[in-house]
Structure formats: C-alpha cells, structure tokens
>>> print(open('upload17.tsv').read())   # TSV, C-alpha atoms
chain	number	residue	atom	x	y	z
A	1	MET	CA	87.33	76.65	119.28
A	2	PRO	CA	85.79	75.58	115.97
A	3	GLY	CA	87.74	72.77	114.38
A	4	CYS	CA	88.45	72.13	110.74
A	5	THR	CA	85.89	70.57	108.46
A	6	PRO	CA	84.68	67.30	109.94
A	7	SER	CA	85.95	64.32	108.02
A	8	LYS	CA	83.47	62.37	105.95
A	9	PRO	CA	82.96	58.77	107.04
A	10	THR	CA	84.23	56.14	104.65
A	11	PRO	CA	82.04	53.05	104.36
A	12	GLY	CA	83.45	50.31	106.51
A	13	SER	CA	85.86	52.56	108.34
A	14	SER	CA	85.80	53.45	112.00
A	15	PRO	CA	83.80	56.52	113.01
A	16	PRO	CA	85.48	59.82	112.14
A	17	SER	CA	87.06	62.01	114.77
A	18	ALA	CA	85.30	65.27	115.57
A	19	SER	CA	87.51	67.16	113.16
A	20	VAL	CA	90.39	66.69	110.77
A	21	SER	CA	93.52	68.74	110.94
A	22	CYS	CA	93.93	71.69	108.60
A	23	PRO	CA	96.64	74.33	108.17
A	24	ALA	CA	94.76	76.85	110.34
A	25	ASP	CA	94.25	74.54	113.34
A	26	GLU	CA	96.27	76.81	115.61
A	27	SER	CA	94.71	80.10	114.53
A	28	LYS	CA	92.90	82.00	117.27
A	29	ALA	CA	90.93	85.16	117.95
A	30	ALA	CA	90.51	87.17	121.14
A	31	GLY	CA	89.04	90.63	121.46
A	32	ASN	CA	89.79	92.48	118.24
A	33	ARG	CA	92.97	90.48	117.67
A	34	VAL	CA	93.53	87.45	115.47
A	35	ASP	CA	96.59	85.28	115.03
A	36	LEU	CA	96.44	83.28	111.83
A	37	ILE	CA	98.80	80.37	111.48
A	38	PHE	CA	99.26	78.38	108.30
A	39	ASP	CA	100.90	75.04	109.00
A	40	PRO	CA	102.21	73.64	105.73
A	41	ASP	CA	102.43	70.14	107.17
A	42	LYS	CA	98.63	70.11	107.43
A	43	SER	CA	98.00	71.32	103.90
A	44	SER	CA	96.82	68.90	101.27
A	45	LYS	CA	97.80	71.26	98.47
A	46	ILE	CA	101.47	72.00	98.99
A	47	THR	CA	104.15	70.34	96.98
A	48	LYS	CA	107.18	72.49	97.71
A	49	CYS	CA	107.49	76.20	98.47
A	50	GLU	CA	110.39	78.34	99.63
A	51	GLN	CA	108.24	81.27	100.75
A	52	ILE	CA	104.73	80.61	102.02
A	53	VAL	CA	102.91	83.83	102.79
A	54	GLN	CA	99.32	84.75	103.51
A	55	VAL	CA	97.30	87.02	101.28
A	56	GLN	CA	94.41	88.64	103.08
A	57	PHE	CA	91.36	90.05	101.35
A	58	VAL	CA	89.04	92.49	103.08
A	59	ARG	CA	85.55	93.79	102.33
A	60	ASN	CA	83.82	96.55	104.33
A	61	HIS	CA	80.18	96.22	105.28
A	62	CYS	CA	78.68	99.32	106.84
A	63	ASP	CA	75.07	98.86	107.95
A	64	ASN	CA	74.96	96.04	105.40
A	65	GLN	CA	76.22	98.18	102.54
A	66	ILE	CA	79.48	97.18	100.90
A	67	ILE	CA	81.68	100.22	100.40
A	68	THR	CA	85.35	100.67	99.54
A	69	GLY	CA	87.84	101.45	102.26
A	70	ALA	CA	88.48	104.81	100.64
A	71	LYS	CA	84.82	105.79	100.81
A	72	TYR	CA	84.62	104.62	104.41
A	73	SER	CA	87.64	106.49	105.74
A	74	SER	CA	90.27	108.91	104.51
A	75	ALA	CA	92.68	106.81	106.61
A	76	LEU	CA	92.05	103.98	104.11
A	77	ALA	CA	92.28	106.21	101.04
A	78	HIS	CA	94.63	103.82	99.25
A	79	LYS	CA	91.87	101.18	99.15
A	80	ASP	CA	90.04	102.95	96.37
A	81	ASP	CA	88.18	101.80	93.27
A	82	THR	CA	91.43	101.07	91.43
A	83	VAL	CA	92.29	98.23	93.82
A	84	THR	CA	88.79	97.11	94.79
A	85	SER	CA	86.88	94.47	92.87
A	86	SER	CA	83.39	95.01	91.55
A	87	ASP	CA	82.04	93.06	94.53
A	88	GLY	CA	84.01	95.05	97.11
A	89	TRP	CA	87.11	92.98	97.82
A	90	ALA	CA	90.58	94.49	98.21
A	91	VAL	CA	93.91	93.00	99.18
A	92	ASP	CA	94.51	94.04	102.78
A	93	SER	CA	97.68	96.06	102.52
A	94	LEU	CA	99.23	99.30	103.72
A	95	ALA	CA	99.85	102.23	101.42
A	96	SER	CA	103.62	101.74	101.55
A	97	GLU	CA	103.55	98.09	100.53
A	98	LYS	CA	104.48	96.93	97.04
A	99	THR	CA	103.55	93.26	97.26
A	100	PRO	CA	100.28	91.53	98.22
A	101	ASP	CA	101.64	89.35	101.02
A	102	TYR	CA	100.51	90.24	104.52
A	103	GLN	CA	103.83	89.06	105.97
A	104	GLN	CA	106.12	91.62	104.32
A	105	GLY	CA	109.05	89.53	105.53
A	106	THR	CA	107.83	88.75	109.06
A	107	GLY	CA	106.41	85.29	109.70
A	108	VAL	CA	107.11	83.78	106.29
A	109	GLY	CA	106.67	80.01	106.12
A	110	SER	CA	108.19	77.30	103.95
A	111	LYS	CA	108.03	73.67	102.97
A	112	ASN	CA	111.20	72.85	101.24
A	113	GLY	CA	112.88	69.97	102.94
A	114	GLY	CA	111.92	71.09	106.44
A	115	SER	CA	108.85	73.16	107.09
A	116	THR	CA	108.04	76.44	108.82
A	117	LYS	CA	104.60	77.80	109.64
A	118	ALA	CA	103.49	81.07	108.08
A	119	THR	CA	102.19	83.34	110.85
A	120	MET	CA	100.47	86.68	110.98
A	121	MET	CA	98.61	88.90	113.40
A	122	ASP	CA	95.89	91.45	112.84
A	123	ALA	CA	93.93	93.77	115.09
A	124	PRO	CA	91.39	95.85	113.19
A	125	GLN	CA	90.23	99.05	114.81
A	126	THR	CA	87.70	101.63	113.76
A	127	GLY	CA	86.01	104.73	115.02
A	128	GLY	CA	83.35	104.46	112.34
A	129	GLY	CA	85.38	105.98	109.54
A	130	ASP	CA	84.80	109.53	108.35
A	131	LYS	CA	81.11	109.33	109.17
A	132	GLY	CA	81.61	107.98	112.71
A	133	PHE	CA	79.35	105.73	114.74
A	134	TYR	CA	75.73	106.48	115.43
A	135	ASP	CA	74.86	108.45	118.51
A	136	SER	CA	71.32	109.63	118.98
A	137	ALA	CA	72.39	113.07	120.14
A	138	SER	CA	75.69	113.85	118.46
A	139	ASN	CA	75.69	111.72	115.30
A	140	PRO	CA	72.23	110.43	114.35
A	141	THR	CA	73.33	109.55	110.80
A	142	GLY	CA	76.42	107.59	111.87
A	143	TRP	CA	77.00	103.89	111.23
A	144	ARG	CA	75.32	101.44	113.57
A	145	THR	CA	77.33	98.36	112.63
A	146	VAL	CA	80.64	98.10	110.82
A	147	ARG	CA	81.82	94.66	109.75
A	148	TYR	CA	85.08	93.87	108.04
A	149	GLU	CA	84.90	90.56	106.22
A	150	PHE	CA	88.25	88.83	105.75
A	151	ALA	CA	89.46	85.89	103.69
A	152	THR	CA	93.08	84.88	104.25
A	153	TYR	CA	94.80	82.35	102.01
A	154	GLY	CA	98.14	80.65	102.04
A	155	TRP	CA	100.02	81.51	98.86
A	156	CYS	CA	103.38	80.43	97.49
A	157	MET	CA	105.50	83.49	96.74
A	158	LYS	CA	108.70	81.69	95.79
A	159	GLY	CA	109.67	78.15	94.94
A	160	ALA	CA	108.30	75.18	93.06
A	161	ASP	CA	104.66	76.01	93.82
A	162	CYS	CA	105.10	79.73	93.10
A	163	GLY	CA	101.77	81.42	92.44
A	164	LYS	CA	99.73	78.55	93.85
A	165	TRP	CA	96.89	79.20	96.29
A	166	TYR	CA	96.65	76.97	99.33
A	167	GLU	CA	93.92	76.58	101.95
A	168	GLY	CA	92.42	79.68	103.53
A	169	SER	CA	90.44	80.92	106.50
A	170	THR	CA	87.62	83.40	106.79
A	171	TRP	CA	87.04	85.71	109.74
A	172	GLU	CA	85.30	88.92	110.61
A	173	TYR	CA	85.67	91.96	112.76
A	174	VAL	CA	82.51	93.64	114.02
A	175	LYS	CA	82.06	96.87	115.92
A	176	THR	CA	78.70	98.38	116.75
A	177	TRP	CA	77.68	101.83	117.82
A	178	GLU	CA	77.09	100.40	121.29
A	179	ASP	CA	80.69	99.15	121.36
A	180	ALA	CA	81.83	102.63	120.39
A	181	ARG	CA	79.64	104.20	123.06
A	182	ASP	CA	81.05	101.83	125.68
A	183	GLY	CA	84.67	102.32	124.65
A	184	LYS	CA	85.06	98.76	123.35
A	185	ASP	CA	87.38	97.79	120.51
A	186	GLY	CA	85.03	95.51	118.59
A	187	THR	CA	85.33	91.75	118.17
A	188	SER	CA	87.20	89.48	115.79
A	189	LYS	CA	85.94	85.97	115.15
A	190	ILE	CA	87.22	83.13	112.99
A	191	LEU	CA	84.39	81.80	110.82
A	192	GLU	CA	85.93	79.03	108.72
A	193	ARG	CA	89.34	77.46	109.14
A	194	ASN	CA	89.52	75.22	106.15
A	195	VAL	CA	88.53	76.97	102.94
A	196	THR	CA	89.77	74.58	100.30
A	197	SER	CA	88.49	76.45	97.26
A	198	GLU	CA	90.70	79.11	95.71
A	199	PRO	CA	89.95	82.82	96.24
A	200	SER	CA	86.74	83.99	94.59
A	201	THR	CA	86.64	85.71	91.22
A	202	GLY	CA	86.32	89.08	92.96
A	203	GLN	CA	89.24	88.36	95.28
A	204	LYS	CA	91.45	87.35	92.37
A	205	GLU	CA	90.35	90.49	90.54
A	206	ALA	CA	91.47	92.57	93.55
A	207	PHE	CA	94.77	90.65	93.68
A	208	ASP	CA	95.45	91.45	90.03
A	209	GLN	CA	94.41	95.08	90.48
A	210	MET	CA	96.82	95.63	93.37
A	211	ASN	CA	99.69	93.90	91.61
A	212	LYS	CA	99.13	95.99	88.50
A	213	LYS	CA	99.01	99.23	90.48
A	214	LYS	CA	102.16	98.38	92.42
A	215	GLY	CA	104.02	96.94	89.43
A	216	PHE	CA	104.40	93.56	91.10
A	217	VAL	CA	104.59	90.51	88.86
A	218	PRO	CA	104.21	87.28	90.85
A	219	CYS	CA	106.95	84.69	90.38
A	220	LYS	CA	109.00	86.82	88.04
B	1	MET	CA	108.26	109.38	138.66
B	2	THR	CA	109.93	112.76	138.90
B	3	GLY	CA	111.00	115.57	136.61
B	4	SER	CA	110.19	116.29	133.02
B	5	ILE	CA	111.40	114.78	129.80
B	6	TRP	CA	111.85	118.29	128.42
B	7	SER	CA	114.57	119.20	130.91
B	8	LEU	CA	116.81	116.17	130.31
B	9	THR	CA	120.36	116.84	129.18
B	10	VAL	CA	122.15	114.83	126.51
B	11	GLU	CA	124.16	113.11	129.24
B	12	GLN	CA	121.00	112.08	131.05
B	13	LEU	CA	119.45	110.43	128.00
B	14	ALA	CA	121.40	107.23	128.56
B	15	ASN	CA	118.47	104.86	128.24
B	16	ALA	CA	115.89	107.00	126.50
B	17	GLN	CA	113.38	105.40	124.18
B	18	ALA	CA	110.32	106.61	122.33
B	19	LYS	CA	107.61	105.00	120.27
B	20	LEU	CA	105.02	106.02	117.74
B	21	THR	CA	101.86	103.95	117.90
B	22	TYR	CA	99.09	104.36	115.37
B	23	LEU	CA	95.66	104.29	117.03
B	24	GLY	CA	93.46	105.17	114.06
B	25	GLU	CA	91.41	103.33	111.47
B	26	GLN	CA	93.03	100.12	110.28
B	27	THR	CA	92.13	96.82	108.74
B	28	LYS	CA	95.78	95.78	108.77
B	29	ILE	CA	98.26	96.58	111.52
B	30	VAL	CA	100.29	99.72	111.00
B	31	PRO	CA	103.66	98.84	112.54
B	32	THR	CA	104.72	100.75	115.63
B	33	VAL	CA	108.06	102.53	115.31
B	34	ALA	CA	110.36	102.59	118.33
B	35	LEU	CA	113.47	104.71	118.68
B	36	THR	CA	116.15	103.97	121.23
B	37	VAL	CA	119.43	105.70	122.02
B	38	GLU	CA	122.73	104.09	121.12
B	39	GLY	CA	123.87	101.51	123.65
B	40	HIS	CA	120.42	100.99	125.12
B	41	LYS	CA	118.26	97.97	124.45
B	42	LEU	CA	114.60	98.73	123.82
B	43	ALA	CA	112.13	97.39	126.42
B	44	MET	CA	108.55	97.97	125.33
B	45	VAL	CA	107.29	97.22	128.83
B	46	ARG	CA	108.88	100.44	130.11
B	47	PHE	CA	106.36	102.48	128.14
B	48	LEU	CA	103.47	101.02	130.11
B	49	SER	CA	104.36	102.90	133.26
B	50	VAL	CA	103.58	106.22	131.55
B	51	GLN	CA	100.92	105.10	129.10
B	52	ARG	CA	97.47	106.32	130.11
B	53	THR	CA	95.87	102.92	129.65
B	54	ARG	CA	98.70	101.05	131.42
B	55	LYS	CA	98.13	98.18	128.99
B	56	PRO	CA	99.81	97.57	125.66
B	57	TYR	CA	98.17	98.75	122.47
B	58	ALA	CA	97.47	95.94	120.01
B	59	ASN	CA	99.85	97.42	117.47
B	60	ASP	CA	102.64	97.48	120.06
B	61	GLU	CA	102.19	93.77	120.70
B	62	SER	CA	102.52	92.81	117.07
B	63	PRO	CA	105.61	91.18	115.59
B	64	TYR	CA	105.78	94.00	113.04
B	65	THR	CA	107.15	96.69	115.39
B	66	LYS	CA	110.23	98.32	113.88
B	67	THR	CA	113.13	99.70	115.87
B	68	ALA	CA	115.86	102.17	114.99
B	69	VAL	CA	118.78	103.56	116.95
B	70	VAL	CA	119.40	107.28	117.36
B	71	SER	CA	122.17	109.20	119.10
B	72	ARG	CA	121.50	111.00	122.34
B	73	ALA	CA	121.90	114.31	120.54
B	74	GLU	CA	119.30	113.26	117.97
B	75	PHE	CA	116.97	112.19	120.75
B	76	GLN	CA	117.30	115.55	122.47
B	77	ARG	CA	116.72	117.41	119.18
B	78	LEU	CA	113.72	115.22	118.59
B	79	LEU	CA	112.20	116.18	121.93
B	80	ALA	CA	112.87	119.86	121.36
B	81	GLY	CA	111.41	119.68	117.88
B	82	VAL	CA	108.15	118.02	118.80
B	83	GLN	CA	107.52	119.80	122.11
B	84	PRO	CA	105.56	122.71	120.63
B	85	ILE	CA	103.38	120.26	118.72
B	86	VAL	CA	102.72	117.64	121.36
B	87	ASP	CA	102.37	119.92	124.36
B	88	LYS	CA	98.62	120.25	123.96
B	89	SER	CA	95.82	118.98	126.11
B	90	ASN	CA	92.44	117.57	125.18
B	91	VAL	CA	93.69	115.64	122.15
B	92	GLN	CA	91.64	112.47	121.69
B	93	PRO	CA	93.54	109.17	121.53
B	94	ASN	CA	92.40	108.29	118.03
B	95	PHE	CA	95.36	108.92	115.75
B	96	VAL	CA	98.95	108.58	117.01
B	97	SER	CA	100.35	108.00	120.48
B	98	PHE	CA	103.87	109.34	121.07
B	99	THR	CA	105.43	107.95	124.24
B	100	VAL	CA	108.80	108.79	125.72
B	101	VAL	CA	110.62	107.33	128.71
B	102	ASN	CA	114.04	107.74	130.26
B	103	GLY	CA	115.57	106.44	133.48
B	104	ALA	CA	114.32	103.57	135.58
B	105	GLY	CA	112.55	102.83	138.82
B	106	ALA	CA	111.90	105.90	140.94
B	107	ALA	CA	113.99	107.96	138.55
B	108	LEU	CA	111.90	107.07	135.53
B	109	VAL	CA	110.71	110.10	133.60
B	110	GLY	CA	108.26	109.87	130.78
B	111	GLN	CA	105.00	110.87	129.22
B	112	GLU	CA	102.50	109.83	126.60
B	113	PHE	CA	101.14	112.37	124.13
B	114	PHE	CA	98.33	112.02	121.65
B	115	ILE	CA	98.84	113.59	118.27
B	116	SER	CA	95.79	114.68	116.31
B	117	ARG	CA	95.35	113.94	112.64
B	118	SER	CA	95.47	117.66	111.90
B	119	ASP	CA	98.85	118.03	113.66
B	120	GLY	CA	100.31	114.76	112.45
B	121	LYS	CA	102.14	115.93	109.34
B	122	GLN	CA	103.82	118.73	111.28
B	123	PHE	CA	104.75	116.23	113.98
B	124	TYR	CA	106.36	113.78	111.55
B	125	ALA	CA	108.18	116.64	109.83
B	126	ALA	CA	109.65	117.68	113.20
B	127	LEU	CA	110.83	114.12	113.84
B	128	LEU	CA	112.52	113.90	110.47
B	129	GLN	CA	114.09	117.30	110.92
B	130	ALA	CA	115.65	116.19	114.21
B	131	LEU	CA	117.33	113.12	112.77
B	132	SER	CA	120.79	113.27	111.26
B	133	PRO	CA	120.81	113.08	107.46
B	134	GLY	CA	122.88	109.91	107.73
B	135	ASN	CA	120.46	108.05	109.95
B	136	ASP	CA	118.80	106.33	107.03
B	137	GLU	CA	117.22	103.57	109.07
B	138	ALA	CA	115.31	105.83	111.46
B	139	ARG	CA	114.34	108.23	108.69
B	140	ALA	CA	113.04	105.38	106.53
B	141	LEU	CA	110.92	103.91	109.32
B	142	ILE	CA	109.33	107.25	110.12
B	143	ARG	CA	108.68	108.00	106.46
B	144	ILE	CA	107.01	104.61	106.02
B	145	GLN	CA	104.75	105.14	109.01
B	146	LEU	CA	103.90	108.62	107.75
B	147	ARG	CA	102.98	107.14	104.36
B	148	ASN	CA	100.74	104.55	106.03
B	149	VAL	CA	98.88	106.89	108.34
B	150	TYR	CA	98.30	109.42	105.57
B	151	PRO	CA	97.60	107.15	102.57
B	152	GLU	CA	96.78	108.80	99.30
>>> encode(input="upload17.tsv", output="structure tokens")
Amino acid sequence: MPGCTPSKPTPGSSPPSASVSCPADESKAAGNRVDLIFDPDKSSKITKCEQIVQVQFVRNHCDNQIITGAKYSSALAHKDDTVTSSDGWAVDSLASEKTPDYQQGTGVGSKNGGSTKATMMDAPQTGGGDKGFYDSASNPTGWRTVRYEFATYGWCMKGADCGKWYEGSTWEYVKTWEDARDGKDGTSKILERNVTSEPSTGQKEAFDQMNKKKGFVPCK
Amino acid sequence: MTGSIWSLTVEQLANAQAKLTYLGEQTKIVPTVALTVEGHKLAMVRFLSVQRTRKPYANDESPYTKTAVVSRAEFQRLLAGVQPIVDKSNVQPNFVSFTVVNGAGAALVGQEFFISRSDGKQFYAALLQALSPGNDEARALIRIQLRNVYPE
C-alpha cells in the first residue's frame, strides 16, 4: 500500500519514518472498487467543520483522447459540455443530484469538537460506452483502453471552514479491450494519497459549472 | 428451490423482497433500490441464492443502497405488472438486474431477470404503476433510480 508523502528530514533531527500520516491513510482499492476515507484528525488544513464531504472530479481518457462523459456514453449524458471544463474535468455526480458532494448524506465527516471520518465508496464499470470495446471481428473500431482519472478532495460543506478545500487523493480506473474480452471488471488504483494543493483550475471550473447548473450556492 | 414467483398469493408473500441493481456504465455508484414487504427485514444475502453470479454486485455492497417498504398487495401487483416485460430470455446483463425472492431454505422461491436498456422505461413505468399513490418513499426511490439510469 503506498503511504503518504514521505516526510522531509529536518537538519539535526532523527531519520524520518517511511511515511507521514495523511487524511487518506486508510483508503484502499481492490478490483474495480475503491474506498476513500478522509480522516480529519490527519489533515493539516482543517480548523473546524460541521460537514466534511468529498468532492470527486472525473476525466475520461479513451485511447488517450479526453472526451466528455456524454460523448462517451448516453448513460453519462448529464456529463455534457455544460458541466465539463475546457480540459475535460467534471464533478462526478448522478443526474438526480443537486449538490457536488459525493456523500449525498451518507458517510459525512466532521471536526467540530469530536471528529468523524468522511467515507465514500466507488466502483466504476464500463462496457466501452456507446462505441464499445475493440474486438477484431465484431468491433474493430472500438476503444482499446478506457481510463477514468479521478481526483477526490475533502471539502467543508458546512461550518467554520465552509467552502474550504482540504487534502485530496488521485486514483484511476482502467479497463482494456482484453479485460472486456475476458469478462473482467477493470482495475481501480490509488495513485496519490496526499494531494495538498487545491483542485486545479479546470476542476474548479467544473465545480462552478455544476453548481450553476443545479442552482447550488455553497455556504449559503 | 421450488415453485415460481409468479404463482405466489398475497398471503404467501410474507417475506418477499426485490432489488433493482444497475449494471451499466458508471463513474459513480448508482444506488441499488430494495423493496421489502411490511413486517419483513431486508437481507441482501438472500438474493445471492438466485443471482446468476452467486456473488454480490459492487453496487449492492455499497453503503448507498436505499430501501423502501411495500405492502404484500403492492408486491403482488408489482410482479404481475413487470412479468410481461421481464419474462424474456437472452437479455445481456449490462443494464439493470431485477431480483426477487420469497420464502426461505428449501421453500425459497426467486429469480433474477436482466432488463435491457430498450425495455427499461417500460419496466420502471410498470413498477410505479403497481405502487400505491400514497407510497411516496418507494415511488421516490424508483423515480430517482430511473432518472440516474436514463440521464438527460
């Protein structure tokens, strides 16, 4: 299991441990499933928050092309140009949802006196979208590799820190045409557990686009 | 396992439960919706004995599964309403799984059906039609799943 970012040695101090703790220490991936855990007690950014949620951004790479969810599959039609940034990021949400938090009330964390971890689970699945996966006989123009790129950040939805971004994680889900041929689900893998920078410009653009479309005003 | 779910009487549906599991394209989990008759506590594990894979779907294992209670009469209407739609063979398991069980042990009766994308709207309409107008909770959960599997 990859740890958090290794600590930097301080002159004169004892050697650093292999890794330092970070909010996503307990996150794990197996098969196509991921469980992402944000432990507020291991965050260096939190002051106080009544509702800690996770906001997940997703970007679709199909044979190394970035395309919107809507162009990839009619089953992802709500992830169209109106909620996708110029560099392909969208908030990972369902069509029925009105707010950008992945939790939607389940697994909400807090740090407000005591603390509670924010938890979430995902399990991407794909059959290659509308175009399908490559098969030399039946679908020679299908996709050979589909990769969903994810960035998942802790975010304060209510309380003193409302609107503040906390640490994040990045992960990916990959399914190849060989996986499809062999009846496999594809594989999820955590890439980085301790992203300390805020979401990228494109991710924030997608966040604003979704909120505008859904009429959600953070911290109002 | 004996008998057929289609021949069960209202009286026999004492511990009936059904679930709707989305199996299609997703980057985020589409919550499974489970329906259980009044007075019966849902046990997801019971579905496995009739599921073709015999192992849980990822969406069924998520903490986002939603449950609503229906009356036995609603459950029977629901079965009657969807039977003409689900009673098809050769449907690929790539859109929605509809699984029903009743009874226990040797008397357990149940079946898993796969709904195609082309039949899905008719299927959800039949479910909604079977529910009492006052069963807001079940109707809302089914409408939400419908919205999420047919996004626009």
>>> interface_residues(input="upload17.tsv", of="chain A", to="chain B", cutoff="9 Å", atoms="all atoms listed in the file", output="compact mmCIF listing (two decimals) with C-alpha atoms, keeping the file's coordinate frame")
# COMPACT_ATOMS: atom_id res chain seq x y z
CA ASN A 32 89.79 92.48 118.24
CA ARG A 33 92.97 90.48 117.67
CA VAL A 58 89.04 92.49 103.08
CA SER A 73 87.64 106.49 105.74
CA SER A 74 90.27 108.91 104.51
CA ALA A 75 92.68 106.81 106.61
CA LEU A 76 92.05 103.98 104.11
CA ALA A 77 92.28 106.21 101.04
CA HIS A 78 94.63 103.82 99.25
CA LYS A 79 91.87 101.18 99.15
CA ASP A 92 94.51 94.04 102.78
CA SER A 93 97.68 96.06 102.52
CA LEU A 94 99.23 99.30 103.72
CA ALA A 95 99.85 102.23 101.42
CA SER A 96 103.62 101.74 101.55
CA GLU A 97 103.55 98.09 100.53
CA TYR A 102 100.51 90.24 104.52
CA GLN A 103 103.83 89.06 105.97
CA THR A 106 107.83 88.75 109.06
CA GLY A 107 106.41 85.29 109.70
CA MET A 120 100.47 86.68 110.98
CA MET A 121 98.61 88.90 113.40
CA ASP A 122 95.89 91.45 112.84
CA ALA A 123 93.93 93.77 115.09
CA PRO A 124 91.39 95.85 113.19
CA GLN A 125 90.23 99.05 114.81
CA THR A 126 87.70 101.63 113.76
CA GLY A 127 86.01 104.73 115.02
CA GLY A 128 83.35 104.46 112.34
CA GLY A 129 85.38 105.98 109.54
CA TYR A 148 85.08 93.87 108.04
>>> closest_residue(input="upload17.tsv", among="A:Gln104, A:Ser136, A:Gln54, A:Asn211", to="A:Ala24", atoms="only C-alpha atoms")
A:Gln54
>>> axis_aligned_box(input="upload17.tsv", around="stretch 68-79 of chain A", padding_each_side="6 Å", output="lines of an AutoDock Vina configuration file")
center_x = 89.6
center_y = 104.8
center_z = 102.9
size_x = 22.0
size_y = 20.2
size_z = 19.5
>>> atom_distance(input="upload17.tsv", atom1="atom CA of A:Leu36", atom2="atom CA of B:Leu48")
26.4 Å
>>> closest_residue(input="upload17.tsv", among="B:Ser49, B:Gln129, B:Asn135, B:Ser7", to="B:Gly81", atoms="only C-alpha atoms")
B:Gln129
>>> closest_residue(input="upload17.tsv", among="B:Leu108, B:Gln122, B:Tyr22, B:Thr67", to="B:Val86", atoms="only C-alpha atoms")
B:Gln122
>>> closest_residue(input="upload17.tsv", among="B:Ser118, B:Asn102, B:Phe113, B:Arg52", to="B:Val10", atoms="all atoms listed in the file")
B:Asn102
>>> residues_around(input="upload17.tsv", residues="A:Asp87", least_positions_apart="6", cutoff="12 Å", atoms="all atoms listed in the file", output="MDAnalysis selection string")
chainID A and resid 57:61 65:68 81 200:206
>>> residues_near_point(input="upload17.tsv", point="(96.2, 111.6, 124.3)", cutoff="12 Å", atoms="all atoms listed in the file", output="list of chain:residue names")
B:Thr21, B:Tyr22, B:Leu23, B:Val50, B:Gln51, B:Arg52, B:Thr53, B:Val86, B:Asp87, B:Lys88, B:Ser89, B:Asn90, B:Val91, B:Gln92, B:Pro93, B:Asn94, B:Phe95, B:Val96, B:Ser97, B:Phe98, B:Thr99, B:Gln111, B:Glu112, B:Phe113, B:Phe114, B:Ile115, B:Ser116, B:Arg117
>>> residues_around(input="upload17.tsv", residues="A:Lys212", least_positions_apart="4", cutoff="12 Å", atoms="all atoms listed in the file", output="list in words")
Thr82, Val83, Lys98, Thr99, Pro100, Glu205, Ala206, Phe207, Asp208, Phe216, Val217 and Pro218 of chain A
>>> atom_distance(input="upload17.tsv", atom1="atom CA of A:Asp130", atom2="atom CA of B:Thr32")
23.0 Å
>>> atom_distance(input="upload17.tsv", atom1="atom CA of A:Gly142", atom2="atom CA of A:Thr176")
10.7 Å
>>> residues_near_point(input="upload17.tsv", point="(100.8, 80.7, 95.8)", cutoff="12 Å", atoms="all atoms listed in the file", output="VMD selection string")
chain A and resid 45 to 55 100 to 101 109 to 110 153 to 168 198 to 199 204 207 218 to 219
>>> residues_around(input="upload17.tsv", residues="A:Glu178", least_positions_apart="4", cutoff="9 Å", atoms="all atoms listed in the file", output="number ranges by chain")
A: 133-135, 144-145, 182-184
>>> residues_around(input="upload17.tsv", residues="A:Ser169", least_positions_apart="6", cutoff="10 Å", atoms="all atoms listed in the file", output="PDB file with C-alpha atoms, in the coordinates of the input")
ATOM      1  CA  CYS A   4      88.450  72.130 110.740  1.00  0.00           C
ATOM      2  CA  PRO A  23      96.640  74.330 108.170  1.00  0.00           C
ATOM      3  CA  ALA A  24      94.760  76.850 110.340  1.00  0.00           C
ATOM      4  CA  SER A  27      94.710  80.100 114.530  1.00  0.00           C
ATOM      5  CA  LEU A  36      96.440  83.280 111.830  1.00  0.00           C
ATOM      6  CA  ILE A  37      98.800  80.370 111.480  1.00  0.00           C
ATOM      7  CA  PHE A  38      99.260  78.380 108.300  1.00  0.00           C
ATOM      8  CA  GLN A  56      94.410  88.640 103.080  1.00  0.00           C
ATOM      9  CA  PHE A 150      88.250  88.830 105.750  1.00  0.00           C
ATOM     10  CA  ALA A 151      89.460  85.890 103.690  1.00  0.00           C
ATOM     11  CA  THR A 152      93.080  84.880 104.250  1.00  0.00           C
ATOM     12  CA  TYR A 153      94.800  82.350 102.010  1.00  0.00           C
ATOM     13  CA  GLY A 154      98.140  80.650 102.040  1.00  0.00           C
ATOM     14  CA  ILE A 190      87.220  83.130 112.990  1.00  0.00           C
ATOM     15  CA  LEU A 191      84.390  81.800 110.820  1.00  0.00           C
ATOM     16  CA  GLU A 192      85.930  79.030 108.720  1.00  0.00           C
ATOM     17  CA  ARG A 193      89.340  77.460 109.140  1.00  0.00           C
ATOM     18  CA  ASN A 194      89.520  75.220 106.150  1.00  0.00           C
ATOM     19  CA  VAL A 195      88.530  76.970 102.940  1.00  0.00           C
ATOM     20  CA  THR A 196      89.770  74.580 100.300  1.00  0.00           C
TER      21      THR A 196
END
>>> decode(input="upload17.tsv", residues="stretch 95-106 of chain B", atoms="C-alpha atoms", output="PDB file, in the first residue's frame")
ATOM      1  CA  PHE B  95     -28.228  -2.587 -17.741  1.00  0.00           C
ATOM      2  CA  VAL B  96     -30.474  -3.480 -14.781  1.00  0.00           C
ATOM      3  CA  SER B  97     -30.783  -6.645 -12.724  1.00  0.00           C
ATOM      4  CA  PHE B  98     -34.190  -7.236 -11.122  1.00  0.00           C
ATOM      5  CA  THR B  99     -34.078  -9.929  -8.452  1.00  0.00           C
ATOM      6  CA  VAL B 100     -36.969 -11.293  -6.429  1.00  0.00           C
ATOM      7  CA  VAL B 101     -37.006 -13.775  -3.562  1.00  0.00           C
ATOM      8  CA  ASN B 102     -39.631 -15.124  -1.191  1.00  0.00           C
ATOM      9  CA  GLY B 103     -39.550 -17.882   1.409  1.00  0.00           C
ATOM     10  CA  ALA B 104     -36.503 -19.435   2.976  1.00  0.00           C
ATOM     11  CA  GLY B 105     -34.420 -22.575   2.924  1.00  0.00           C
ATOM     12  CA  ALA B 106     -35.860 -25.327   0.756  1.00  0.00           C
TER      13      ALA B 106
END
